[in-house]
Amino acid sequence: MKLGAFSVSLAVKDIKASKAFYETLGFKVFAGDLEKNYLIMKNESTLIGLFQGMFENNILTFNPGWDQDANTLENYDDVRAIQKHLKSNNITLTSEADESTTGPASLVVLDPDGNTILIDQHI
């Protein structure tokens, strides 16, 4: 299964302090909007998202159809195909993509330890 670009989405208390901290570690702003309280930061091929006030816990995020530079991949598994695979393996989803649609969609699943996994397709 091809899940696409991987990042850790961090629920932060002070996005400006978090931005400064991760810049000290060598990350640079890659995308996002500080005024809207979210940034995607990158250090080589490592991506982290900083999100203030958007969710409670940290999230493992996958973006089907994108590489680590947010370039569209020619071959990828659509989020709806991933969803069908998970459901056929008796994995319970917290939220589901509408299987009657195409294009951008997402699903959320919890791993056995309660960690949130977001599969978020933008294309």
# chains A, B, ... in the order shown; residues from 1 in each chain; ligands from 1
$ residues_around --residues "Asp78 in chain A" --least-positions-apart "5" --cutoff "9 Å" --atoms "only C-alpha atoms" --output "list in words"
Lys2, Leu3, Pro64, Gly65, Gln83, Thr102, Gly103 and Gln121 of chain A
$ residues_around --residues "Ala105 in chain A" --least-positions-apart "6" --cutoff "7 Å" --atoms "only C-alpha atoms" --output "short mmCIF file (atom, residue, chain, number, x, y, z; two decimals) with N, CA and C atoms, in the first residue's frame"
data_model
loop_
_atom_site.label_atom_id
_atom_site.label_comp_id
_atom_site.auth_asym_id
_atom_site.auth_seq_id
_atom_site.Cartn_x
_atom_site.Cartn_y
_atom_site.Cartn_z
N VAL A 79 -7.07 7.36 -1.37
CA VAL A 79 -7.51 7.20 0.02
C VAL A 79 -8.71 6.25 0.12
N ALA A 97 -13.73 8.46 4.35
CA ALA A 97 -13.87 9.20 3.10
C ALA A 97 -15.17 8.75 2.43
N ASP A 120 -4.73 11.75 4.61
CA ASP A 120 -5.30 13.00 4.11
C ASP A 120 -4.82 13.25 2.69
N GLN A 121 -5.68 12.96 1.73
CA GLN A 121 -5.35 13.12 0.32
C GLN A 121 -5.79 14.49 -0.16
N HIS A 122 -4.86 15.25 -0.76
CA HIS A 122 -5.15 16.61 -1.21
C HIS A 122 -5.40 16.71 -2.72
#
$ select_by_dssp --residues "range 43-121 of chain A" --states "alpha helix (DSSP H)" --output "ChimeraX atom specification"
/A:79-88
$ write_last_selection --atoms "C-alpha atoms" --output "PDB file, in the first residue's frame"
ATOM      1  CA  VAL A  79      -7.515   7.201   0.015  1.00  0.00           C
ATOM      2  CA  ARG A  80     -10.748   5.368  -0.843  1.00  0.00           C
ATOM      3  CA  ALA A  81      -8.777   2.253  -1.923  1.00  0.00           C
ATOM      4  CA  ILE A  82      -6.795   2.439   1.318  1.00  0.00           C
ATOM      5  CA  GLN A  83     -10.065   2.741   3.218  1.00  0.00           C
ATOM      6  CA  LYS A  84     -11.534  -0.330   1.490  1.00  0.00           C
ATOM      7  CA  HIS A  85      -8.370  -2.288   2.334  1.00  0.00           C
ATOM      8  CA  LEU A  86      -8.547  -1.294   6.012  1.00  0.00           C
ATOM      9  CA  LYS A  87     -12.241  -2.105   6.273  1.00  0.00           C
ATOM     10  CA  SER A  88     -11.763  -5.475   4.541  1.00  0.00           C
TER      11      SER A  88
END
$ residues_around --residues "range 12-27 of chain A" --least-positions-apart "6" --cutoff "8 Å" --atoms "only C-alpha atoms" --output "mmCIF file with all heavy atoms, in the first residue's frame"
data_model
loop_
_atom_site.group_PDB
_atom_site.id
_atom_site.type_symbol
_atom_site.label_atom_id
_atom_site.label_comp_id
_atom_site.auth_asym_id
_atom_site.auth_seq_id
_atom_site.Cartn_x
_atom_site.Cartn_y
_atom_site.Cartn_z
ATOM 1 N N LEU A 34 1.027 31.154 9.470
ATOM 2 C CA LEU A 34 1.200 31.441 10.900
ATOM 3 C C LEU A 34 -0.038 32.133 11.473
ATOM 4 O O LEU A 34 -0.457 31.839 12.593
ATOM 5 C CB LEU A 34 2.457 32.288 11.114
ATOM 6 C CG LEU A 34 2.899 32.507 12.550
ATOM 7 C CD1 LEU A 34 3.259 31.193 13.213
ATOM 8 C CD2 LEU A 34 4.082 33.463 12.601
ATOM 9 N N ASN A 37 -2.614 29.770 12.422
ATOM 10 C CA ASN A 37 -2.144 28.850 13.466
ATOM 11 C C ASN A 37 -1.747 27.465 12.976
ATOM 12 O O ASN A 37 -1.919 26.474 13.685
ATOM 13 C CB ASN A 37 -3.156 28.737 14.601
ATOM 14 C CG ASN A 37 -3.236 30.021 15.394
ATOM 15 O OD1 ASN A 37 -2.255 30.727 15.547
ATOM 16 N ND2 ASN A 37 -4.416 30.321 15.896
ATOM 17 N N TYR A 38 -1.210 27.396 11.740
ATOM 18 C CA TYR A 38 -0.645 26.114 11.316
ATOM 19 C C TYR A 38 0.532 26.353 10.379
ATOM 20 O O TYR A 38 0.532 27.277 9.572
ATOM 21 C CB TYR A 38 -1.693 25.208 10.655
ATOM 22 C CG TYR A 38 -1.985 25.529 9.216
ATOM 23 C CD1 TYR A 38 -1.375 24.798 8.194
ATOM 24 C CD2 TYR A 38 -2.864 26.546 8.862
ATOM 25 C CE1 TYR A 38 -1.634 25.082 6.861
ATOM 26 C CE2 TYR A 38 -3.132 26.837 7.542
ATOM 27 C CZ TYR A 38 -2.515 26.097 6.527
ATOM 28 O OH TYR A 38 -2.772 26.398 5.219
ATOM 29 N N MET A 41 6.653 22.353 8.469
ATOM 30 C CA MET A 41 8.082 22.667 8.501
ATOM 31 C C MET A 41 8.853 21.453 7.994
ATOM 32 O O MET A 41 8.413 20.307 8.134
ATOM 33 C CB MET A 41 8.503 23.073 9.901
ATOM 34 C CG MET A 41 7.734 24.316 10.372
ATOM 35 S SD MET A 41 8.358 25.023 11.881
ATOM 36 C CE MET A 41 9.887 25.763 11.317
ATOM 37 N N LYS A 42 10.008 21.735 7.395
ATOM 38 C CA LYS A 42 10.771 20.677 6.745
ATOM 39 C C LYS A 42 12.243 20.796 7.091
ATOM 40 O O LYS A 42 12.799 21.899 7.137
ATOM 41 C CB LYS A 42 10.565 20.774 5.235
ATOM 42 C CG LYS A 42 11.164 19.636 4.467
ATOM 43 C CD LYS A 42 10.720 19.669 3.026
ATOM 44 C CE LYS A 42 11.285 18.452 2.347
ATOM 45 N NZ LYS A 42 10.920 18.330 0.978
ATOM 46 N N ASN A 43 12.873 19.648 7.315
ATOM 47 C CA ASN A 43 14.317 19.538 7.487
ATOM 48 C C ASN A 43 14.730 18.352 6.626
ATOM 49 O O ASN A 43 14.411 17.206 6.957
ATOM 50 C CB ASN A 43 14.687 19.312 8.947
ATOM 51 C CG ASN A 43 16.184 19.196 9.162
ATOM 52 O OD1 ASN A 43 16.905 18.664 8.332
ATOM 53 N ND2 ASN A 43 16.645 19.687 10.291
ATOM 54 N N LEU A 50 2.853 21.929 12.592
ATOM 55 C CA LEU A 50 2.581 22.583 13.875
ATOM 56 C C LEU A 50 1.163 23.136 13.793
ATOM 57 O O LEU A 50 0.860 23.931 12.902
ATOM 58 C CB LEU A 50 3.584 23.702 14.140
ATOM 59 C CG LEU A 50 5.064 23.342 14.065
ATOM 60 C CD1 LEU A 50 5.920 24.581 14.297
ATOM 61 C CD2 LEU A 50 5.405 22.244 15.063
ATOM 62 N N PHE A 51 0.310 22.723 14.722
ATOM 63 C CA PHE A 51 -1.092 23.122 14.693
ATOM 64 C C PHE A 51 -1.508 23.594 16.077
ATOM 65 O O PHE A 51 -1.505 22.818 17.026
ATOM 66 C CB PHE A 51 -1.979 21.941 14.263
ATOM 67 C CG PHE A 51 -1.692 21.455 12.871
ATOM 68 C CD1 PHE A 51 -0.710 20.494 12.652
ATOM 69 C CD2 PHE A 51 -2.386 21.957 11.797
ATOM 70 C CE1 PHE A 51 -0.433 20.037 11.371
ATOM 71 C CE2 PHE A 51 -2.123 21.512 10.514
ATOM 72 C CZ PHE A 51 -1.143 20.554 10.301
ATOM 73 N N GLN A 52 -1.859 24.867 16.186
ATOM 74 C CA GLN A 52 -2.285 25.428 17.464
ATOM 75 C C GLN A 52 -3.801 25.511 17.504
ATOM 76 O O GLN A 52 -4.432 26.132 16.645
ATOM 77 C CB GLN A 52 -1.681 26.817 17.660
ATOM 78 C CG GLN A 52 -2.065 27.461 18.978
ATOM 79 C CD GLN A 52 -1.459 28.845 19.147
ATOM 80 O OE1 GLN A 52 -0.326 29.085 18.763
ATOM 81 N NE2 GLN A 52 -2.234 29.749 19.715
ATOM 82 N N GLY A 53 -4.403 24.855 18.499
ATOM 83 C CA GLY A 53 -5.845 24.956 18.709
ATOM 84 C C GLY A 53 -6.704 24.186 17.726
ATOM 85 O O GLY A 53 -7.903 24.438 17.639
#
$ atom_distance --atom1 "CA of Asn63 in chain A" --atom2 "CA of Leu47 in chain A"
11.5 Å
$ select_by_dssp --residues "chain A" --states "strand (DSSP E or B)" --output "number ranges by chain"
A: 5-12, 28-33, 38-43, 46-52, 59-63, 66, 72, 93-95, 105-110, 116-121
$ atom_distance --atom1 "CA of Gly49 in chain A" --atom2 "CA of Tyr76 in chain A"
22.1 Å
$ closest_residue --among "A:Leu73, A:Ile40, A:Leu110, A:Ala31" --to "Leu10 in chain A" --atoms "only C-alpha atoms"
A:Ile40
$ atom_distance --atom1 "CA of Ile123 in chain A" --atom2 "CA of Pro104 in chain A"
5.0 Å
$ closest_atom_pairs --of "range 4-105 of chain A" --to "range 115-119 of chain A" --cutoff "6 Å" --atoms "only C-alpha atoms" --output "tab-separated table"
residue	atom	partner	partner_atom	distance
A:Ile59	CA	A:Thr116	CA	5.1
A:Leu60	CA	A:Ile117	CA	4.8
A:Thr61	CA	A:Leu118	CA	4.8
A:Phe62	CA	A:Ile119	CA	4.8
A:Asn63	CA	A:Ile119	CA	5.9
$ write_last_selection --atoms "C-alpha atoms" --output "mmCIF file, in the first residue's frame"
data_model
loop_
_atom_site.group_PDB
_atom_site.id
_atom_site.type_symbol
_atom_site.label_atom_id
_atom_site.label_comp_id
_atom_site.auth_asym_id
_atom_site.auth_seq_id
_atom_site.Cartn_x
_atom_site.Cartn_y
_atom_site.Cartn_z
ATOM 1 C CA ILE A 59 -1.245 12.757 14.786
ATOM 2 C CA LEU A 60 0.687 10.578 12.337
ATOM 3 C CA THR A 61 -0.228 11.967 8.921
ATOM 4 C CA PHE A 62 0.068 10.398 5.469
ATOM 5 C CA ASN A 63 -0.718 12.190 2.198
#
$ closest_residue --among "A:Glu35, A:Val109, A:Phe55, A:Ser45" --to "Asp67 in chain A" --atoms "only C-alpha atoms"
A:Ser45
$ closest_residue --among "A:Leu39, A:Met54, A:Val29, A:Ala5" --to "Asp69 in chain A" --atoms "only C-alpha atoms"
A:Ala5
